[in-house]
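Chemist: Data: final_15.cif, mmCIF, C-alpha atoms.
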```
data_target
#
loop_
_atom_site.label_atom_id
_atom_site.label_comp_id
_atom_site.auth_asym_id
_atom_site.auth_seq_id
_atom_site.Cartn_x
_atom_site.Cartn_y
_atom_site.Cartn_z
CA MET L 1 45.66 40.16 -4.62
CA LEU L 2 44.06 40.37 -8.04
CA GLY L 3 46.39 37.65 -9.37
CA TRP L 4 45.42 35.26 -6.61
CA PHE L 5 41.74 35.99 -7.23
CA SER L 6 42.13 35.39 -10.96
CA ARG L 7 43.89 32.08 -10.43
CA THR L 8 41.19 30.94 -8.02
CA LEU L 9 38.50 31.99 -10.45
CA ALA L 10 40.22 30.07 -13.24
CA VAL L 11 40.35 26.94 -11.09
CA LEU L 12 36.63 27.29 -10.31
CA VAL L 13 35.74 27.68 -13.98
CA LEU L 14 37.84 24.63 -14.83
CA LEU L 15 36.16 22.58 -12.11
CA ALA L 16 32.75 23.72 -13.32
CA ALA L 17 33.57 22.62 -16.85
CA VAL L 18 34.78 19.22 -15.68
CA THR L 19 31.74 18.78 -13.45
CA LEU L 20 29.25 19.74 -16.14
CA ALA L 21 30.96 17.52 -18.70
CA ASP L 22 30.82 14.60 -16.27
CA GLU L 23 27.11 15.20 -15.66
CA ALA L 24 26.37 15.42 -19.37
CA VAL L 25 28.21 12.26 -20.32
CA ALA L 26 28.00 9.97 -17.34
CA GLN L 27 24.72 10.70 -15.65
CA LYS L 28 22.21 9.70 -18.30
CA GLY L 29 20.58 6.67 -16.78
CA CYS L 30 18.90 4.05 -18.94
CA ASP L 31 15.37 4.57 -17.72
CA ARG L 32 13.39 2.92 -20.52
CA PHE L 33 12.71 -0.74 -21.19
CA SER L 34 10.35 -2.97 -23.11
CA ALA L 35 9.91 -6.70 -23.48
CA ALA L 36 8.59 -8.69 -26.41
CA GLU L 37 8.31 -12.23 -27.69
CA VAL L 38 9.28 -12.80 -31.32
CA THR L 39 8.53 -15.96 -33.29
CA GLY L 40 9.88 -16.81 -36.74
CA THR L 41 10.98 -14.52 -39.51
CA ASN L 42 9.85 -10.92 -39.15
CA PRO L 43 10.57 -7.82 -41.22
CA PRO L 44 11.99 -4.78 -39.42
CA ILE L 45 9.64 -3.75 -36.59
CA VAL L 46 9.92 -0.53 -34.59
CA ARG L 47 11.05 -1.28 -31.04
CA VAL L 48 11.69 2.33 -30.01
CA SER L 49 9.93 5.13 -31.83
CA GLY L 50 12.09 8.07 -32.86
CA LEU L 51 11.51 11.47 -31.31
CA GLU L 52 12.42 14.66 -33.13
CA GLY L 53 15.85 15.91 -32.15
CA LYS L 54 16.57 12.97 -29.85
CA SER L 55 18.83 9.96 -30.25
CA VAL L 56 18.07 6.49 -28.93
CA TYR L 57 20.95 5.23 -26.81
CA LEU L 58 20.86 1.46 -26.66
CA CYS L 59 21.85 0.52 -23.14
CA GLY L 60 21.44 -3.20 -23.48
CA TYR L 61 19.33 -6.20 -24.18
CA VAL L 62 18.42 -9.66 -22.99
CA ILE L 63 17.77 -12.09 -25.83
CA ILE L 64 16.75 -15.61 -24.93
CA HIS L 65 16.23 -18.45 -27.34
CA SER L 66 13.08 -20.02 -25.96
CA GLY L 67 11.88 -22.55 -28.53
CA GLY L 68 12.17 -24.11 -31.96
CA THR L 69 15.18 -23.87 -34.22
CA ALA L 70 17.84 -21.21 -34.22
CA LEU L 71 16.70 -17.65 -34.81
CA GLU L 72 18.86 -14.75 -35.93
CA PHE L 73 18.24 -11.09 -35.19
CA GLU L 74 19.49 -7.73 -36.37
CA LEU L 75 19.11 -4.23 -34.94
CA THR L 76 18.85 -1.21 -37.20
CA SER L 77 17.95 2.44 -36.99
CA GLY L 78 16.13 4.57 -39.49
CA ILE L 79 13.20 6.83 -40.20
CA GLY L 80 9.85 6.26 -41.85
CA ASP L 81 7.76 3.10 -41.54
CA ASN L 82 9.77 0.48 -39.67
CA CYS L 83 13.14 2.17 -40.25
CA GLN L 84 12.87 1.75 -44.04
CA THR L 85 14.58 5.07 -44.84
CA ASN L 86 18.20 5.94 -43.96
CA THR L 87 18.57 2.44 -42.55
CA THR L 88 21.73 1.92 -40.53
CA ILE L 89 22.78 -1.36 -38.98
CA LEU L 90 23.56 -1.06 -35.27
CA ILE L 91 24.02 -4.75 -34.52
CA PRO L 92 24.55 -6.96 -37.54
CA ARG L 93 22.63 -10.20 -38.13
CA MET L 94 23.63 -12.76 -35.54
CA GLY L 95 22.25 -16.05 -34.30
CA ILE L 96 21.24 -16.93 -30.77
CA PRO L 97 22.24 -20.54 -30.12
CA ILE L 98 19.39 -22.88 -29.25
CA GLY L 99 18.68 -22.94 -25.54
CA SER L 100 20.98 -20.08 -24.66
CA SER L 101 20.72 -16.42 -23.73
CA LEU L 102 22.60 -13.27 -24.60
CA VAL L 103 22.76 -10.46 -22.04
CA ASN L 104 24.59 -7.22 -22.81
CA ARG L 105 23.65 -4.38 -20.51
CA ILE L 106 24.98 -1.22 -18.87
CA PRO L 107 23.22 1.28 -16.58
CA PHE L 108 24.21 4.48 -18.38
CA ALA L 109 23.85 5.68 -21.95
CA TYR L 110 26.96 4.96 -23.93
CA GLY L 111 27.57 2.62 -26.83
CA GLU L 112 25.28 2.18 -29.80
CA TYR L 113 23.04 5.15 -30.57
CA THR L 114 20.90 6.34 -33.42
CA PRO L 115 21.10 9.64 -35.29
CA PRO L 116 18.63 12.22 -33.90
CA GLY L 117 15.05 11.43 -34.80
CA HIS L 118 15.71 7.85 -35.83
CA SER L 119 13.75 4.88 -34.55
CA LEU L 120 15.24 1.59 -33.42
CA CYS L 121 14.04 -1.55 -35.23
CA SER L 122 14.60 -5.27 -34.90
CA GLN L 123 14.40 -7.95 -37.54
CA THR L 124 14.50 -11.74 -37.17
CA PHE L 125 15.36 -14.59 -39.53
CA GLY L 126 14.51 -18.26 -38.93
CA ASN L 127 11.84 -20.40 -37.30
CA GLY L 128 12.56 -20.28 -33.60
CA LYS L 129 11.25 -18.15 -30.77
CA LEU L 130 13.03 -15.37 -28.88
CA ASN L 131 12.11 -13.52 -25.71
CA THR L 132 13.68 -10.09 -25.67
CA ILE L 133 14.08 -7.17 -23.29
CA PHE L 134 15.57 -3.90 -24.52
CA TYR L 135 16.90 -1.08 -22.35
CA TRP L 136 17.52 2.43 -23.62
CA ALA L 137 17.66 6.16 -22.97
CA GLN L 138 16.39 8.80 -25.36
CA TYR L 139 17.49 12.39 -25.26
CA MET V 1 37.09 32.95 2.35
CA MET V 2 38.03 31.88 -1.17
CA ARG V 3 39.31 28.55 0.18
CA LEU V 4 35.96 27.98 1.87
CA ILE V 5 34.17 28.72 -1.39
CA LEU V 6 36.49 26.31 -3.18
CA VAL V 7 35.76 23.53 -0.67
CA LEU V 8 32.00 24.14 -0.93
CA PHE V 9 32.23 24.08 -4.70
CA LEU V 10 34.09 20.78 -4.67
CA LEU V 11 31.52 19.26 -2.33
CA SER V 12 28.66 20.49 -4.47
CA SER V 13 30.19 18.86 -7.52
CA ILE V 14 30.65 15.52 -5.77
CA ILE V 15 27.26 15.24 -4.03
CA PRO V 16 25.05 15.29 -7.16
CA ASN V 17 27.07 12.41 -8.65
CA ALA V 18 26.65 10.41 -5.47
CA MET V 19 22.92 11.11 -5.42
CA ALA V 20 22.33 10.39 -9.07
CA ARG V 21 24.02 7.02 -9.03
CA LYS V 22 21.79 4.98 -6.77
CA VAL V 23 23.61 1.77 -6.15
CA CYS V 24 21.83 -1.56 -6.04
CA ASP V 25 22.41 -2.44 -2.42
CA GLN V 26 19.69 -5.03 -1.85
CA TYR V 27 19.64 -8.69 -2.79
CA ARG V 28 17.82 -11.89 -1.99
CA SER V 29 18.39 -15.49 -3.05
CA THR V 30 15.86 -18.31 -3.09
CA SER V 31 15.55 -21.92 -4.18
CA THR V 32 12.19 -23.36 -5.15
CA VAL V 33 10.82 -26.55 -6.69
CA GLY V 34 7.84 -26.70 -9.01
CA PRO V 35 5.43 -23.97 -10.15
CA GLN V 36 5.25 -21.12 -7.67
CA GLY V 37 3.44 -17.94 -7.07
CA PRO V 38 3.16 -15.18 -7.64
CA ILE V 39 5.27 -14.89 -4.50
CA GLU V 40 6.42 -11.59 -3.08
CA LYS V 41 10.19 -11.21 -3.46
CA VAL V 42 10.58 -7.55 -2.52
CA PRO V 43 8.02 -5.97 -0.17
CA GLY V 44 6.75 -2.57 -1.20
CA LYS V 45 7.40 0.49 0.94
CA ALA V 46 5.19 3.56 1.13
CA GLY V 47 6.49 6.34 -1.07
CA GLN V 48 9.27 4.26 -2.64
CA ARG V 49 9.80 2.41 -5.92
CA VAL V 50 11.67 -0.83 -6.37
CA TYR V 51 14.33 -0.55 -9.09
CA LEU V 52 15.14 -4.01 -10.37
CA CYS V 53 18.88 -4.01 -10.95
CA GLY V 54 19.19 -7.55 -12.09
CA TYR V 55 18.84 -11.21 -11.45
CA MET V 56 20.53 -14.54 -11.84
CA ILE V 57 18.15 -17.37 -12.65
CA LEU V 58 19.20 -20.97 -13.06
CA LYS V 59 16.97 -23.97 -13.57
CA GLY V 60 17.62 -27.68 -13.07
CA ALA V 61 17.07 -30.39 -15.67
CA GLN V 62 13.34 -29.67 -16.05
CA ASP V 63 11.95 -26.83 -18.14
CA LEU V 64 10.71 -23.81 -16.24
CA GLU V 65 9.28 -20.41 -17.15
CA PHE V 66 9.30 -17.28 -15.02
CA GLU V 67 7.60 -13.90 -14.89
CA VAL V 68 8.38 -10.86 -12.73
CA SER V 69 5.55 -8.53 -11.80
CA SER V 70 4.69 -5.78 -9.37
CA GLY V 71 1.59 -4.95 -7.40
CA THR V 72 0.06 -4.24 -4.05
CA GLY V 73 -1.67 -6.43 -1.50
CA THR V 74 -0.80 -10.04 -0.75
CA ASN V 75 1.64 -11.39 -3.33
CA CYS V 76 0.99 -8.50 -5.75
CA ALA V 77 -2.66 -9.54 -6.14
CA ASN V 78 -3.85 -5.95 -6.64
CA ASN V 79 -2.73 -3.47 -9.32
CA HIS V 80 -0.81 -6.32 -10.89
CA THR V 81 1.69 -5.09 -13.51
CA ILE V 82 4.06 -7.28 -15.50
CA LEU V 83 7.67 -6.08 -15.46
CA ILE V 84 9.25 -9.04 -17.27
CA PRO V 85 6.77 -11.13 -19.25
CA ARG V 86 6.71 -14.92 -19.03
CA ILE V 87 10.02 -16.23 -20.33
CA SER V 88 11.39 -19.73 -20.66
CA ILE V 89 14.66 -20.15 -18.78
CA PRO V 90 17.37 -21.42 -21.12
CA ALA V 91 19.65 -24.29 -20.16
CA THR V 92 22.46 -21.81 -19.60
CA GLY V 93 20.38 -19.71 -17.20
CA ILE V 94 20.14 -15.92 -17.27
CA VAL V 95 22.47 -13.42 -15.63
CA ASN V 96 21.26 -9.86 -16.13
CA ARG V 97 22.72 -7.39 -13.67
CA ILE V 98 23.88 -3.80 -13.40
CA ALA V 99 25.40 -1.89 -10.50
CA TYR V 100 23.14 1.18 -10.51
CA ALA V 101 19.40 1.60 -10.48
CA ALA V 102 18.16 1.79 -14.07
CA GLY V 103 15.70 -0.16 -16.15
CA GLU V 104 12.70 -1.95 -14.72
CA ARG V 105 11.00 -0.21 -11.83
CA THR V 106 7.70 -0.50 -10.01
CA GLU V 107 5.05 2.05 -9.31
CA ILE V 108 5.43 3.83 -5.98
CA GLY V 109 4.64 1.55 -3.06
CA HIS V 110 4.46 -1.61 -5.14
CA ALA V 111 6.09 -4.91 -4.25
CA VAL V 112 7.91 -7.21 -6.70
CA CYS V 113 6.68 -10.76 -7.20
CA LEU V 114 7.94 -13.84 -9.03
CA GLN V 115 5.86 -16.55 -10.65
CA THR V 116 7.09 -19.78 -12.25
CA TRP V 117 5.51 -22.44 -14.43
CA GLY V 118 6.77 -25.91 -15.13
CA ASN V 119 7.02 -29.51 -13.99
CA ALA V 120 6.40 -30.25 -10.33
CA ALA V 121 10.00 -31.43 -10.04
CA ALA V 122 11.52 -28.44 -11.80
CA SER V 123 13.99 -26.61 -9.58
CA LEU V 124 14.86 -22.94 -9.64
CA ASN V 125 17.71 -21.06 -8.02
CA SER V 126 17.57 -17.30 -8.21
CA VAL V 127 19.21 -14.16 -6.87
CA PHE V 128 17.52 -10.79 -7.27
CA TYR V 129 19.27 -7.43 -6.90
CA TRP V 130 17.48 -4.14 -6.39
CA ALA V 131 17.43 -0.63 -4.99
CA GLN V 132 14.45 0.94 -3.26
CA PHE V 133 14.00 4.66 -2.86
#
```
With the file now loaded, output its structure as structure tokens.

Modeler:
Amino acid sequence: MLGWFSRTLAVLVLLAAVTLADEAVAQKGCDRFSAAEVTGTNPPIVRVSGLEGKSVYLCGYVIIHSGGTALEFELTSGIGDNCQTNTTILIPRMGIPIGSSLVNRIPFAYGEYTPPGHSLCSQTFGNGKLNTIFYWAQY
Amino acid sequence: MMRLILVLFLLSSIIPNAMARKVCDQYRSTSTVGPQGPIEKVPGKAGQRVYLCGYMILKGAQDLEFEVSSGTGTNCANNHTILIPRISIPATGIVNRIAYAAGERTEIGHAVCLQTWGNAAASLNSVFYWAQF
């Protein structure tokens, strides 16, 4: 009787662990977004402000070349003014072809993320114009 | 008794996942010519938000810009809030879509509206996907 009870209890504990792990990893929805228009060359600008003890999980972006010549962008994380300290490149410098769009998006928080407390910054190089939408979670 | 507890436990572990992942089960496609709107694309419902799960927007040969907003009243005229600011549609169009409700959402009870700017002959084909709860 006790053996059967112990085995059942073990199964329940295992199921609980699996369930909680699934909730922790898979259930973080990307509930934040912001849109911005960027023209020409810009130094790193904070797109998502860091929060103490929390990481920024980049869930996706829409980047549309909407005028002028080609424009390149780069995403970094860091602390201090405009990610100037402990700067880490999340998405290296890349160009958006003229007249095209780049969409890379998922509904849940996996993929690129910052260290806890870091902000997310974007930088552009060139003379064109981009319209951007960023999606993220922060926890 | 223990088997009953086990079944209940399994159900309780499945239900929260099902509830948390709100699928995007609504869609609507339209074709327009020339500047439009704002025109209501998703009517608001009392006590519910519209979660914009994505869109496919394609233009014809003429340049066209679009903006997605939310609001109340006729064609979002009141409490107007911009969800996606005015963007020029690239030649390749835009496909931005996810399966579950995350990202842009309206205030409770608000409708979603679309506005376009461009040449009178500019054509637009669009499909919007959303959840509302």

Chemist: Mind telling me what the PyMOL selection byres ((chain V) within 6 of (chain L)) catches here, as an mmCIF file with C-alpha atoms, keeping the file's coordinate frame?

Modeler:
```cif
data_model
loop_
_atom_site.group_PDB
_atom_site.id
_atom_site.type_symbol
_atom_site.label_atom_id
_atom_site.label_comp_id
_atom_site.auth_asym_id
_atom_site.auth_seq_id
_atom_site.Cartn_x
_atom_site.Cartn_y
_atom_site.Cartn_z
ATOM 1 C CA SER V 88 11.390 -19.730 -20.660
ATOM 2 C CA PRO V 90 17.370 -21.420 -21.120
ATOM 3 C CA ALA V 91 19.650 -24.290 -20.160
ATOM 4 C CA THR V 92 22.460 -21.810 -19.600
ATOM 5 C CA ALA V 102 18.160 1.790 -14.070
ATOM 6 C CA GLY V 103 15.700 -0.160 -16.150
#
```

Chemist: Tell me which protein, DNA and RNA residues are within 10 Å of Lys41 (chain V), counting all atoms listed in the file, leaving out same-chain ones fewer than 3 positions away, and put them as a PyMOL selection string.

Modeler: chain V and resi 27-30+38+44+68-70+75-76+111-115+128

Chemist: Kindly give the distance, in Å, that separates CA of Cys53 (chain V) and CA of Val23 (chain V), rounded to a single decimal.

Modeler: 8.9 Å

Chemist: Between CA of Tyr57 (chain L) and CA of Ser126 (chain V), what is the distance in Å, rounded to a tenth?

Modeler: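 Those two atoms sit 29.4 Å apart.
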
Chemist: Smallest atom-to-atom distance to Ala61 (chain V): which of V:Val33, V:Ala99, V:Ile108, V:Asn78, using all atoms listed in the file?

Modeler: V:Val33

Chemist: List as a ChimeraX atom specification the protein and nucleic acid residues near Tyr139 (chain L), meaning an atom at most 7 Å away when only C-alpha atoms are counted, but skip any in the same chain fewer than 2 places from it.

Modeler: /L:54-56,137

Chemist: Go ahead and save the picked residues with C-alpha atoms, as a JSON list (two decimals), in the coordinates of the input.

Modeler:
```json
[["chain", "number", "residue", "atom", "x", "y", "z"],
["L", 54, "LYS", "CA", 16.57, 12.97, -29.85],
["L", 55, "SER", "CA", 18.83, 9.96, -30.25],
["L", 56, "VAL", "CA", 18.07, 6.49, -28.93],
["L", 137, "ALA", "CA", 17.66, 6.16, -22.97]]
```

Chemist: Within 12 Å of (9.8, 3.5, -5.4) in the file's own coordinates, which protein, DNA or RNA residues have an atom, counting only C-alpha atoms? List them as a list of chain:residue names.

Modeler: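 Final list of nearby residues, as requested, is V:Val42, V:Pro43, V:Gly44, V:Lys45, V:Ala46, V:Gly47, V:Gln48, V:Arg49, V:Val50, V:Tyr51, V:Leu52, V:Ser70, V:Gly71, V:Ala101, V:Glu104, V:Arg105, V:Thr106, V:Glu107, V:Ile108, V:Gly109, V:His110, V:Ala111, V:Val112, V:Trp130, V:Ala131, V:Gln132, V:Phe133.
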
Chemist: Would you translate the PyMOL selection byres ((chain L and resi 72) around 7) into the concrete set of residues it matches in this file, as a PyMOL selection string?

Modeler: chain L and resi 70-71+73+93-96+124-126

Chemist: Can you write just those residues out, C-alpha atoms, as an mmCIF file, in the frame of the given file?

Modeler:
```
data_model
loop_
_atom_site.group_PDB
_atom_site.id
_atom_site.type_symbol
_atom_site.label_atom_id
_atom_site.label_comp_id
_atom_site.auth_asym_id
_atom_site.auth_seq_id
_atom_site.Cartn_x
_atom_site.Cartn_y
_atom_site.Cartn_z
ATOM 1 C CA ALA L 70 17.840 -21.210 -34.220
ATOM 2 C CA LEU L 71 16.700 -17.650 -34.810
ATOM 3 C CA PHE L 73 18.240 -11.090 -35.190
ATOM 4 C CA ARG L 93 22.630 -10.200 -38.130
ATOM 5 C CA MET L 94 23.630 -12.760 -35.540
ATOM 6 C CA GLY L 95 22.250 -16.050 -34.300
ATOM 7 C CA ILE L 96 21.240 -16.930 -30.770
ATOM 8 C CA THR L 124 14.500 -11.740 -37.170
ATOM 9 C CA PHE L 125 15.360 -14.590 -39.530
ATOM 10 C CA GLY L 126 14.510 -18.260 -38.930
#
```
